[in-house]
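Okay, query.txt now, which holds compact mmCIF, C-alpha atoms:
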```txt
# COMPACT_ATOMS: atom_id res chain seq x y z
CA MET A 50 1.40 -15.72 11.30
CA ILE A 51 2.16 -16.68 14.89
CA LEU A 52 -0.91 -16.40 17.12
CA ILE A 53 -0.81 -16.10 20.89
CA PHE A 54 -3.88 -17.01 22.90
CA LEU A 55 -4.41 -14.32 25.51
CA LYS A 56 -6.20 -16.57 27.96
CA ASN A 57 -3.05 -18.62 28.38
CA PHE A 58 -1.08 -15.50 29.20
CA ILE A 59 -3.56 -14.40 31.84
CA GLU A 60 -3.58 -17.84 33.46
CA LEU A 61 0.18 -17.62 33.85
CA ASN A 62 1.75 -15.65 36.69
CA ARG A 63 2.41 -12.57 34.61
CA SER A 64 2.73 -9.04 35.94
CA LYS A 65 -0.08 -6.50 35.86
CA ARG A 66 1.85 -4.48 33.28
CA LEU A 67 2.10 -7.44 30.91
CA ASN A 68 -1.63 -8.18 31.22
CA GLU A 69 -2.51 -4.57 30.39
CA LYS A 70 -0.11 -4.65 27.45
CA ILE A 71 -1.74 -7.76 25.99
CA LEU A 72 -5.24 -6.41 26.62
CA LEU A 73 -4.33 -3.19 24.81
CA SER A 74 -2.79 -5.24 21.98
CA TRP A 75 -6.00 -7.25 21.67
CA VAL A 76 -8.13 -4.09 21.56
CA ARG A 77 -5.92 -2.38 18.98
CA GLN A 78 -5.85 -5.44 16.75
CA THR A 79 -9.60 -5.86 17.05
CA THR A 80 -10.37 -2.24 16.16
CA ARG A 81 -7.74 -1.82 13.43
CA PRO A 82 -10.27 -2.08 10.54
CA TYR A 83 -12.12 0.98 11.86
CA SER A 84 -10.44 4.16 10.63
CA GLN A 85 -12.30 6.31 13.17
CA VAL A 86 -10.81 4.36 16.10
CA ASN A 87 -7.26 4.60 17.44
CA VAL A 88 -6.96 3.13 20.93
CA LEU A 89 -3.80 4.33 22.66
CA ASN A 90 -4.72 3.88 26.33
CA PHE A 91 -7.43 2.84 28.80
CA THR A 92 -8.82 6.32 29.41
CA THR A 93 -9.19 9.05 26.79
CA SER A 94 -9.41 6.61 23.87
CA TRP A 95 -12.82 5.40 25.11
CA THR A 96 -14.67 8.64 25.83
CA ASP A 97 -16.46 8.96 22.47
CA GLY A 98 -17.88 5.42 22.62
CA LEU A 99 -16.55 4.40 19.19
CA ALA A 100 -13.93 1.96 20.52
CA PHE A 101 -16.45 -0.04 22.60
CA ASN A 102 -18.76 -0.36 19.61
CA ALA A 103 -15.87 -1.28 17.30
CA VAL A 104 -14.83 -4.16 19.58
CA LEU A 105 -18.37 -5.52 19.50
CA HIS A 106 -18.95 -4.91 15.80
CA GLN A 107 -15.70 -6.59 14.75
CA HIS A 108 -16.70 -9.84 16.44
CA LYS A 109 -20.49 -9.50 16.06
CA PRO A 110 -21.06 -7.50 12.85
CA ASP A 111 -24.67 -8.66 12.52
CA LEU A 112 -25.73 -7.00 15.79
CA PHE A 113 -25.84 -3.44 14.45
CA SER A 114 -24.83 -1.05 11.66
CA TRP A 115 -21.51 0.71 12.11
CA ASP A 116 -22.65 3.61 9.95
CA LYS A 117 -25.48 4.33 12.39
CA VAL A 118 -23.09 4.26 15.35
CA ILE A 119 -20.88 6.92 13.77
CA LYS A 120 -23.82 9.32 13.59
CA MET A 121 -24.64 8.97 17.31
CA SER A 122 -23.45 11.26 20.09
CA PRO A 123 -20.77 9.92 22.52
CA ILE A 124 -23.38 9.25 25.24
CA GLU A 125 -25.62 7.43 22.76
CA ARG A 126 -22.72 5.34 21.50
CA LEU A 127 -21.69 4.32 25.01
CA GLU A 128 -25.26 3.41 25.96
CA HIS A 129 -25.60 1.51 22.68
CA ALA A 130 -22.44 -0.54 23.27
CA PHE A 131 -23.21 -1.35 26.92
CA SER A 132 -26.79 -2.37 26.07
CA LYS A 133 -25.73 -4.62 23.20
CA ALA A 134 -23.06 -6.27 25.33
CA GLN A 135 -25.58 -6.90 28.10
CA THR A 136 -28.29 -8.26 25.79
CA TYR A 137 -26.17 -10.47 23.53
CA LEU A 138 -23.06 -11.23 25.60
CA GLY A 139 -24.49 -11.24 29.11
CA ILE A 140 -22.11 -8.54 30.37
CA GLU A 141 -23.50 -6.36 33.11
CA LYS A 142 -23.46 -2.59 32.69
CA LEU A 143 -20.45 -1.98 34.88
CA LEU A 144 -20.04 1.52 33.47
CA ASP A 145 -22.37 4.49 33.14
CA PRO A 146 -22.11 6.43 29.86
CA GLU A 147 -21.99 9.71 31.80
CA ASP A 148 -18.94 8.50 33.75
CA VAL A 149 -17.04 7.50 30.60
CA ALA A 150 -17.87 10.49 28.41
CA VAL A 151 -15.61 12.77 30.46
CA GLN A 152 -12.13 14.16 29.91
CA PHE A 153 -10.38 11.47 31.95
CA PRO A 154 -12.53 8.41 32.75
CA ASP A 155 -11.46 5.94 35.41
CA LYS A 156 -8.80 3.62 34.01
CA LYS A 157 -9.47 0.69 36.36
CA SER A 158 -13.18 0.65 35.56
CA ILE A 159 -12.55 0.55 31.82
CA ILE A 160 -9.96 -2.23 32.18
CA MET A 161 -12.43 -4.22 34.27
CA TYR A 162 -15.16 -3.83 31.64
CA LEU A 163 -12.79 -4.69 28.77
CA THR A 164 -11.67 -7.78 30.66
CA SER A 165 -15.31 -8.89 30.76
CA LEU A 166 -15.51 -8.43 26.98
CA PHE A 167 -12.21 -10.21 26.51
CA GLU A 168 -13.44 -13.25 28.44
CA VAL A 169 -16.42 -13.86 26.13
CA LEU A 170 -14.96 -12.84 22.76
CA PRO A 171 -12.21 -14.51 20.67
CA GLN A 172 -8.95 -14.19 22.59
CA GLN A 173 -6.07 -14.12 20.19
CA VAL A 174 -3.55 -11.50 19.16
CA THR A 175 -0.51 -11.47 16.92
CA ILE A 176 3.07 -10.96 18.00
CA ASP A 177 3.16 -7.85 15.79
CA ALA A 178 0.22 -6.35 17.68
CA ILE A 179 2.05 -6.78 20.98
CA ARG A 180 5.25 -5.31 19.59
CA GLU A 181 3.29 -2.38 18.24
CA VAL A 182 1.98 -1.60 21.74
CA GLU A 183 5.55 -1.86 23.07
CA THR A 184 6.60 0.89 20.68
CA LEU A 185 3.76 3.26 21.56
CA PRO A 186 5.02 6.54 23.02
CA ARG A 187 5.49 6.34 26.75
CA LYS A 188 2.96 9.09 27.50
CA TYR A 189 0.17 6.74 26.43
CA LYS A 190 1.38 3.89 28.64
CA LYS A 191 2.00 5.91 31.76
CA GLU A 192 -1.57 7.21 32.08
CA CYS A 193 -0.81 10.29 34.18
CA GLU A 194 -4.39 11.49 34.28
CA GLU A 195 -4.19 13.22 37.64
CA GLU A 196 -1.09 15.14 36.65
CA ALA A 197 -2.79 16.28 33.43
CA ILE A 198 -5.84 17.47 35.36
CA ASN A 199 -3.67 19.44 37.78
CA ILE A 200 -1.80 21.08 34.93
CA GLN A 201 -5.01 22.08 33.18
CA SER A 202 -6.60 23.42 36.35
CA THR A 203 -3.68 25.77 37.04
CA ALA A 204 -2.91 26.91 33.47
CA PRO A 205 -4.60 29.96 31.90
CA GLU A 206 -7.27 29.12 29.34
CA GLU A 207 -5.23 30.42 26.43
CA GLU A 208 -2.49 27.90 27.33
CA HIS A 209 -4.75 24.86 27.33
CA GLU A 210 -3.85 24.05 23.76
CA ILE A 211 -1.32 21.23 23.48
CA PRO A 212 2.05 22.48 22.19
CA ARG A 213 2.77 21.63 18.57
CA ALA A 214 4.95 18.57 18.19
CA GLU A 215 8.50 19.12 17.05
CA THR A 216 9.40 17.36 13.84
CA PRO A 217 11.73 14.37 14.09
CA SER A 218 14.42 16.32 12.28
CA THR A 219 14.64 18.94 15.05
CA VAL A 220 14.49 16.86 18.23
CA THR A 221 18.25 16.34 18.32
CA GLU A 222 19.39 19.88 17.67
CA VAL A 223 20.42 20.68 21.26
CA ASP A 224 19.46 18.72 24.38
CA VAL A 225 16.78 16.07 23.97
CA ASP A 226 13.96 15.75 26.48
CA LEU A 227 11.76 12.69 26.90
CA ASP A 228 8.57 14.38 25.73
CA SER A 229 10.15 15.61 22.47
CA TYR A 230 11.50 12.16 21.81
CA GLN A 231 8.13 10.51 22.46
CA ILE A 232 6.29 12.96 20.16
CA ALA A 233 8.83 12.39 17.39
CA LEU A 234 8.57 8.63 17.90
CA GLU A 235 4.78 8.79 17.65
CA GLU A 236 4.96 10.70 14.36
CA VAL A 237 7.43 8.27 12.82
CA LEU A 238 5.50 5.22 14.01
CA THR A 239 2.24 6.59 12.63
CA TRP A 240 3.85 7.00 9.24
CA LEU A 241 5.68 3.66 9.41
CA LEU A 242 2.54 1.68 10.25
CA SER A 243 0.74 3.38 7.37
CA ALA A 244 3.64 2.62 5.01
CA GLU A 245 3.60 -1.03 6.06
CA ASP A 246 -0.11 -1.23 5.27
CA THR A 247 0.43 0.44 1.89
CA PHE A 248 3.19 -2.02 1.04
CA GLN A 249 1.09 -5.04 2.02
CA GLU A 250 -1.85 -3.80 -0.06
CA GLN A 251 0.16 -3.85 -3.28
CA ASP A 252 -1.02 -6.49 -5.75
CA ASP A 253 1.04 -9.50 -6.72
CA ILE A 254 3.33 -8.84 -9.65
CA SER A 255 1.34 -9.26 -12.85
CA ASP A 256 2.33 -11.12 -16.02
CA ASP A 257 0.91 -8.37 -18.23
CA VAL A 258 3.58 -5.92 -19.34
CA GLU A 259 1.36 -2.82 -19.14
CA GLU A 260 0.17 -3.72 -15.63
CA VAL A 261 3.75 -4.33 -14.52
CA LYS A 262 4.73 -0.89 -15.84
CA ASP A 263 2.02 0.65 -13.66
CA GLN A 264 3.12 -1.46 -10.68
CA PHE A 265 6.72 -0.41 -11.20
CA ALA A 266 5.77 3.28 -11.33
CA THR A 267 3.61 2.94 -8.18
CA HIS A 268 6.35 1.17 -6.27
CA GLU A 269 8.95 3.65 -7.44
CA ALA A 270 6.85 6.43 -5.87
CA PHE A 271 6.61 4.36 -2.69
CA MET A 272 10.40 3.93 -2.61
CA MET A 273 10.82 7.68 -2.98
CA GLU A 274 8.55 8.16 0.03
CA LEU A 275 10.71 5.75 2.04
CA THR A 276 13.80 7.73 1.09
CA ALA A 277 12.11 10.97 2.12
CA HIS A 278 11.32 9.56 5.60
CA GLN A 279 14.66 7.87 6.18
CA SER A 280 16.11 10.94 7.88
CA SER A 281 13.10 11.11 10.23
CA VAL A 282 13.66 7.53 11.37
CA GLY A 283 17.36 8.27 11.83
CA SER A 284 16.58 11.40 13.85
CA VAL A 285 14.37 9.47 16.27
CA LEU A 286 17.03 6.79 16.75
CA GLN A 287 19.64 9.49 17.26
CA ALA A 288 17.41 11.27 19.78
CA GLY A 289 16.91 8.03 21.72
CA ASN A 290 20.62 7.37 21.86
CA GLN A 291 21.25 10.94 22.98
CA LEU A 292 18.68 10.62 25.75
CA ILE A 293 20.41 7.51 27.04
CA THR A 294 23.83 9.17 26.79
CA GLN A 295 22.64 12.21 28.80
CA GLY A 296 22.21 9.92 31.80
CA THR A 297 19.00 11.57 33.04
CA LEU A 298 16.74 8.54 32.65
CA SER A 299 15.72 5.93 35.15
CA ASP A 300 16.67 2.32 34.45
CA GLU A 301 13.09 1.58 33.42
CA GLU A 302 12.96 4.53 31.04
CA GLU A 303 16.32 3.64 29.52
CA PHE A 304 15.26 0.02 28.99
CA GLU A 305 11.98 1.15 27.42
CA ILE A 306 13.72 3.50 25.00
CA GLN A 307 16.22 0.81 24.05
CA GLU A 308 13.30 -1.51 23.34
CA GLN A 309 11.49 1.11 21.27
CA MET A 310 14.57 1.89 19.19
CA THR A 311 15.29 -1.79 18.57
CA LEU A 312 11.75 -2.44 17.37
CA LEU A 313 11.58 0.78 15.31
CA ASN A 314 14.86 0.01 13.61
CA ALA A 315 13.84 -3.62 12.97
CA ARG A 316 10.51 -2.68 11.41
CA TRP A 317 12.04 0.10 9.33
CA GLU A 318 14.82 -2.19 8.10
CA ALA A 319 12.36 -4.99 7.31
CA LEU A 320 10.17 -2.62 5.28
CA ARG A 321 13.18 -1.20 3.47
CA VAL A 322 14.58 -4.62 2.57
CA GLU A 323 11.19 -5.99 1.46
CA SER A 324 10.59 -2.87 -0.64
CA MET A 325 13.97 -3.16 -2.34
CA ASP A 326 13.31 -6.83 -3.00
CA ARG A 327 9.98 -6.03 -4.64
CA GLN A 328 11.59 -3.31 -6.71
CA SER A 329 14.22 -5.78 -7.90
CA ARG A 330 11.60 -8.39 -8.78
CA LEU A 331 9.47 -5.81 -10.61
CA HIS A 332 12.55 -4.76 -12.56
CA ASP A 333 13.40 -8.34 -13.55
CA VAL A 334 9.82 -9.20 -14.53
CA LEU A 335 9.37 -5.98 -16.50
CA MET A 336 12.62 -6.35 -18.42
CA GLU A 337 11.85 -9.99 -19.19
CA LEU A 338 8.36 -9.16 -20.47
CA GLN A 339 9.69 -6.30 -22.59
CA LYS A 340 12.42 -8.52 -24.06
CA LYS A 341 9.73 -11.05 -24.91
CA GLN A 342 7.76 -8.28 -26.58
CA LEU A 343 10.78 -7.33 -28.67
CA GLN A 344 11.36 -10.93 -29.68
CA GLN A 345 7.71 -11.39 -30.61
CA LEU A 346 7.79 -8.24 -32.76
CA SER A 347 11.01 -9.37 -34.43
CA THR A 348 9.45 -12.75 -35.25
CA TRP A 349 6.27 -11.12 -36.55
CA LEU A 350 8.27 -8.73 -38.75
CA THR A 351 10.31 -11.59 -40.20
CA LEU A 352 7.14 -13.49 -41.13
CA THR A 353 5.52 -10.33 -42.53
CA GLU A 354 8.59 -9.47 -44.59
CA GLU A 355 8.51 -12.96 -46.09
CA ARG A 356 4.80 -12.49 -46.74
CA ILE A 357 5.49 -9.20 -48.54
CA GLN A 358 8.11 -10.81 -50.75
CA LYS A 359 5.58 -13.41 -51.88
CA MET A 360 2.99 -10.72 -52.53
CA GLU A 361 5.47 -8.78 -54.67
CA THR A 362 6.21 -11.82 -56.81
CA CYS A 363 2.55 -12.66 -57.25
CA PRO A 364 1.62 -11.70 -60.85
CA LEU A 365 -1.37 -9.54 -61.65
CA ASP A 366 -3.45 -11.16 -64.39
CA ASP A 367 -5.42 -9.14 -66.89
CA ASP A 368 -8.77 -9.61 -65.23
CA VAL A 369 -10.82 -8.06 -62.43
CA LYS A 370 -10.94 -11.23 -60.33
CA SER A 371 -7.16 -11.33 -60.07
CA LEU A 372 -7.13 -7.70 -58.91
CA GLN A 373 -9.90 -8.32 -56.38
CA LYS A 374 -7.90 -11.22 -54.94
CA LEU A 375 -4.85 -9.00 -54.50
CA LEU A 376 -6.99 -6.34 -52.85
CA GLU A 377 -8.42 -8.86 -50.37
CA GLU A 378 -4.95 -10.16 -49.51
CA HIS A 379 -3.76 -6.62 -48.99
CA LYS A 380 -6.70 -5.78 -46.72
CA SER A 381 -5.79 -8.83 -44.64
CA LEU A 382 -2.23 -7.52 -44.32
CA GLN A 383 -3.50 -4.09 -43.30
CA SER A 384 -5.73 -5.67 -40.66
CA ASP A 385 -2.77 -7.59 -39.24
CA LEU A 386 -0.72 -4.39 -39.17
CA GLU A 387 -3.42 -2.56 -37.22
CA ALA A 388 -3.56 -5.38 -34.67
CA GLU A 389 0.22 -5.34 -34.26
CA GLN A 390 0.20 -1.55 -33.90
CA VAL A 391 -1.10 -1.94 -30.31
CA LYS A 392 2.01 -3.94 -29.35
CA VAL A 393 4.29 -1.51 -31.16
CA ASN A 394 2.73 1.40 -29.26
CA SER A 395 3.56 -0.42 -26.03
CA LEU A 396 7.18 -0.73 -27.08
CA THR A 397 7.40 3.00 -27.76
CA HIS A 398 6.79 3.45 -24.00
CA MET A 399 9.36 0.93 -22.84
CA VAL A 400 10.72 1.33 -19.34
CA VAL A 401 14.50 1.16 -19.59
CA ILE A 402 16.12 0.73 -16.19
CA VAL A 403 19.82 1.27 -15.72
CA ASP A 404 21.28 -0.40 -12.65
CA GLU A 405 24.75 -1.23 -11.41
CA ASN A 406 24.62 -4.71 -12.89
CA SER A 407 23.44 -3.85 -16.39
CA GLY A 408 25.14 -0.49 -16.88
CA GLU A 409 24.99 1.75 -19.92
CA SER A 410 26.11 -0.99 -22.34
CA ALA A 411 22.93 -2.99 -21.76
CA THR A 412 20.87 0.14 -22.34
CA ALA A 413 22.76 0.87 -25.57
CA ILE A 414 22.11 -2.67 -26.84
CA LEU A 415 18.42 -2.37 -26.03
CA GLU A 416 18.14 1.01 -27.73
CA ASP A 417 19.93 -0.33 -30.83
CA GLN A 418 17.54 -3.28 -30.94
CA LEU A 419 14.57 -0.94 -30.66
CA GLN A 420 15.89 1.32 -33.41
CA LYS A 421 16.38 -1.58 -35.85
CA LEU A 422 12.93 -2.96 -35.13
CA GLY A 423 11.50 0.52 -35.61
CA GLU A 424 13.16 0.84 -38.99
CA ARG A 425 11.82 -2.55 -40.09
CA TRP A 426 8.32 -1.65 -38.88
CA THR A 427 8.41 1.67 -40.74
CA ALA A 428 9.53 -0.07 -43.93
CA VAL A 429 6.66 -2.58 -43.73
CA CYS A 430 4.11 0.19 -43.11
CA ARG A 431 5.45 2.30 -45.98
CA TRP A 432 5.42 -0.63 -48.41
CA THR A 433 1.86 -1.53 -47.37
CA GLU A 434 0.63 2.02 -47.91
CA GLU A 435 2.37 2.44 -51.26
CA ARG A 436 1.15 -0.92 -52.56
CA TRP A 437 -2.41 -0.14 -51.46
CA ASN A 438 -2.28 3.14 -53.37
CA ARG A 439 -1.05 1.36 -56.52
CA LEU A 440 -3.73 -1.30 -56.26
CA GLN A 441 -6.38 1.39 -55.81
CA GLU A 442 -5.15 3.21 -58.92
CA ILE A 443 -5.26 -0.01 -60.92
CA ASN A 444 -8.75 -0.73 -59.59
CA ILE A 445 -9.96 2.72 -60.69
CA LEU A 446 -8.56 2.14 -64.18
CA TRP A 447 -10.32 -1.19 -64.38
CA GLN A 448 -13.60 0.35 -63.30
CA GLU A 449 -13.27 3.07 -65.96
CA LEU A 450 -12.46 0.49 -68.59
CA LEU A 451 -15.48 -1.62 -67.68
CA GLU A 452 -17.74 1.44 -67.79
CA GLU A 453 -16.49 2.32 -71.30
CA GLN A 454 -17.23 -1.21 -72.47
CA VAL A 455 -20.80 -0.87 -71.23
```
Could you quickly redo this structure as structure tokens?
Amino acid sequence: MILIFLKNFIELNRSKRLNEKILLSWVRQTTRPYSQVNVLNFTTSWTDGLAFNAVLHQHKPDLFSWDKVIKMSPIERLEHAFSKAQTYLGIEKLLDPEDVAVQFPDKKSIIMYLTSLFEVLPQQVTIDAIREVETLPRKYKKECEEEAINIQSTAPEEEHEIPRAETPSTVTEVDVDLDSYQIALEEVLTWLLSAEDTFQEQDDISDDVEEVKDQFATHEAFMMELTAHQSSVGSVLQAGNQLITQGTLSDEEEFEIQEQMTLLNARWEALRVESMDRQSRLHDVLMELQKKQLQQLSTWLTLTEERIQKMETCPLDDDVKSLQKLLEEHKSLQSDLEAEQVKVNSLTHMVVIVDENSGESATAILEDQLQKLGERWTAVCRWTEERWNRLQEINILWQELLEEQV
């Protein structure tokens, strides 16, 4: 993982926009482990106080309990975070909780306070975190708080509710507007980031055949989800291209959309390729383990069949001890059969995968091999049961004979 030290960026003659981008990247990366926190800007994302506490808790987890913070009110959380930062980090209370817990807090004040936190806490962020911020919908970067306030102050109360986002599949039906594109982009990115996390959380491929079967089934479901969302990704890319073609964007907006589409396409393609690669490796490992199972069963059957032949040729002497010896040998065979039954049960649930390389012929060969092994297994089980019944009958006759002699 390539790490970039933020302090070095700030010391360089970078633009204000770049500094804010890196600061937002640092905050998002820091608060990622906290499911209740999703920082998208330097205003509304901070009003409930959770983000400030998450930044502190991630770097100083011993200072307080996160569970307690969740139960606090927004004002209490803000006061809690500012007090902890002052006591343990030496950061002055540059903000008042009452000024932050509003609909649109002052952006510059929050950036100034976060910069103070940034200067005393670990200052590193990944390239991926920065790229993620670059692909955030434009409405979160632009920070048009004053415009939003004006709109809300003039709209009737029943119209205050935010319009429902169009789905990515509908944003390109007629003319595309920037807001529809940004909403669709946000939806796709939210899903894509979640899918990337899900993929990364998958365990390494096991060497146990039953575990690999489960892994294969899990990943197959994941691949189906990717296929289901492919059209949504394509719709967003199509909408972006249509926006650019319409010629209604400024140069900055056009460049930003081009950048978003490039990164979205790259991340989608990377996830798709990595997922297909894992599916291929799971397939190879699973087929190899199952073939090994078949070979092991074939070897076991061969040895058992030879064992049965010897047992059949073993004479039964006219005494109880000879019969008891045969019974003990047969019990041993039955015990071995029961142990092997577990492996046979596994083979009855084989995962047979037909791909372009193997084709139907490979499947037919595998099925034929399974059928022959099944027939051999059935023959061994039948012989074992029939012989046990005969030995039991002989044993009963012996017991009756001994009782008559007494």
**Q.** Between atom CA of A:Leu99 and atom CA of A:Asp155 - distance in Å to one decimal
**A.**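 Here the two named atoms are 17.1 Å from each other.
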Q) Residues around (2.3, -4.9, -27.3), cut-off 9 Å, counting only C-alpha atoms - what are they as a list in words? A)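 Collected hits near the coordinates: Val258, Glu259, Gln339, Gln342, Leu343, Leu346, Glu389, Gln390, Val391, Lys392, Val393, Asn394, Ser395 and Leu396 of chain A.
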Q) What is the atom CA of A:Val261 to atom CA of A:Gln345 distance in Å? A)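 Atom CA of A:Val261 sits 18.0 Å away from atom CA of A:Gln345.
Nearest to A:Leu73 of all the residues A:Leu312, A:Val285, A:Val151, A:Leu163 is A:Leu163, counting all atoms listed in the file.
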Q. What separation in Å, quoted to one decimal, exists between atom CA of A:Thr427 and atom CA of A:Pro364?
A.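 Atom CA of A:Pro364 lies at a distance of 25.1 Å from atom CA of A:Thr427.
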(Q) Can you tell me which residues surround stretch 101-115 of chain A at a distance of at most 10 Å, considering all atoms listed in the file, apart from same-chain residues fewer than 4 positions away, and format the answer as a ChimeraX atom specification? (A) /A:75-83,85-86,94-97,119-120,126-131,133-134,137-138,162-163,166-167,170-171
**Q.** Shell around A:Met161 at 12 Å using all atoms listed in the file, local window under 6 positions removed, as a list in words
**A.** Asn68, Glu69, Leu72, Phe91, Ile140, Glu141, Lys142, Leu143, Leu144, Asp155, Phe167 and Glu168 of chain A
Export, as a short mmCIF file (atom, residue, chain, number, x, y, z; two decimals), in the frame of the given file, the selected residues with C-alpha atoms.
```
data_model
loop_
_atom_site.label_atom_id
_atom_site.label_comp_id
_atom_site.auth_asym_id
_atom_site.auth_seq_id
_atom_site.Cartn_x
_atom_site.Cartn_y
_atom_site.Cartn_z
CA ASN A 68 -1.63 -8.18 31.22
CA GLU A 69 -2.51 -4.57 30.39
CA LEU A 72 -5.24 -6.41 26.62
CA PHE A 91 -7.43 2.84 28.80
CA ILE A 140 -22.11 -8.54 30.37
CA GLU A 141 -23.50 -6.36 33.11
CA LYS A 142 -23.46 -2.59 32.69
CA LEU A 143 -20.45 -1.98 34.88
CA LEU A 144 -20.04 1.52 33.47
CA ASP A 155 -11.46 5.94 35.41
CA PHE A 167 -12.21 -10.21 26.51
CA GLU A 168 -13.44 -13.25 28.44
#
```
Report as JSON the centre and the edge lengths, in Å to one decimal, of the axis-aligned box holding every listed atom of stretch 320-323 of chain A, padded by 3 Å on each side.
```
{"center_x": 12.4, "center_y": -3.6, "center_z": 3.4, "size_x": 10.4, "size_y": 10.8, "size_z": 9.8}
```
Q: Would you please work out which residue, of A:Ala244, A:Val282, A:Ala150, A:Leu292, is nearest to A:Asp226 when using only C-alpha atoms?
A: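 Of A:Ala244, A:Val282, A:Ala150, A:Leu292, the one nearest A:Asp226 is A:Leu292, counting only C-alpha atoms.
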Q. When distances are computed from all atoms listed in the file, which of A:His268, A:Lys156, A:His278, A:Arg327 shows the smallest separation from A:Thr247?
A. A:His268
**Q.** Selection: 10 Å around A:Ser255, all atoms listed in the file, excl. self and same-chain fewer than 6 positions, as a ChimeraX atom specification
**A.** /A:261-264,331,334-335
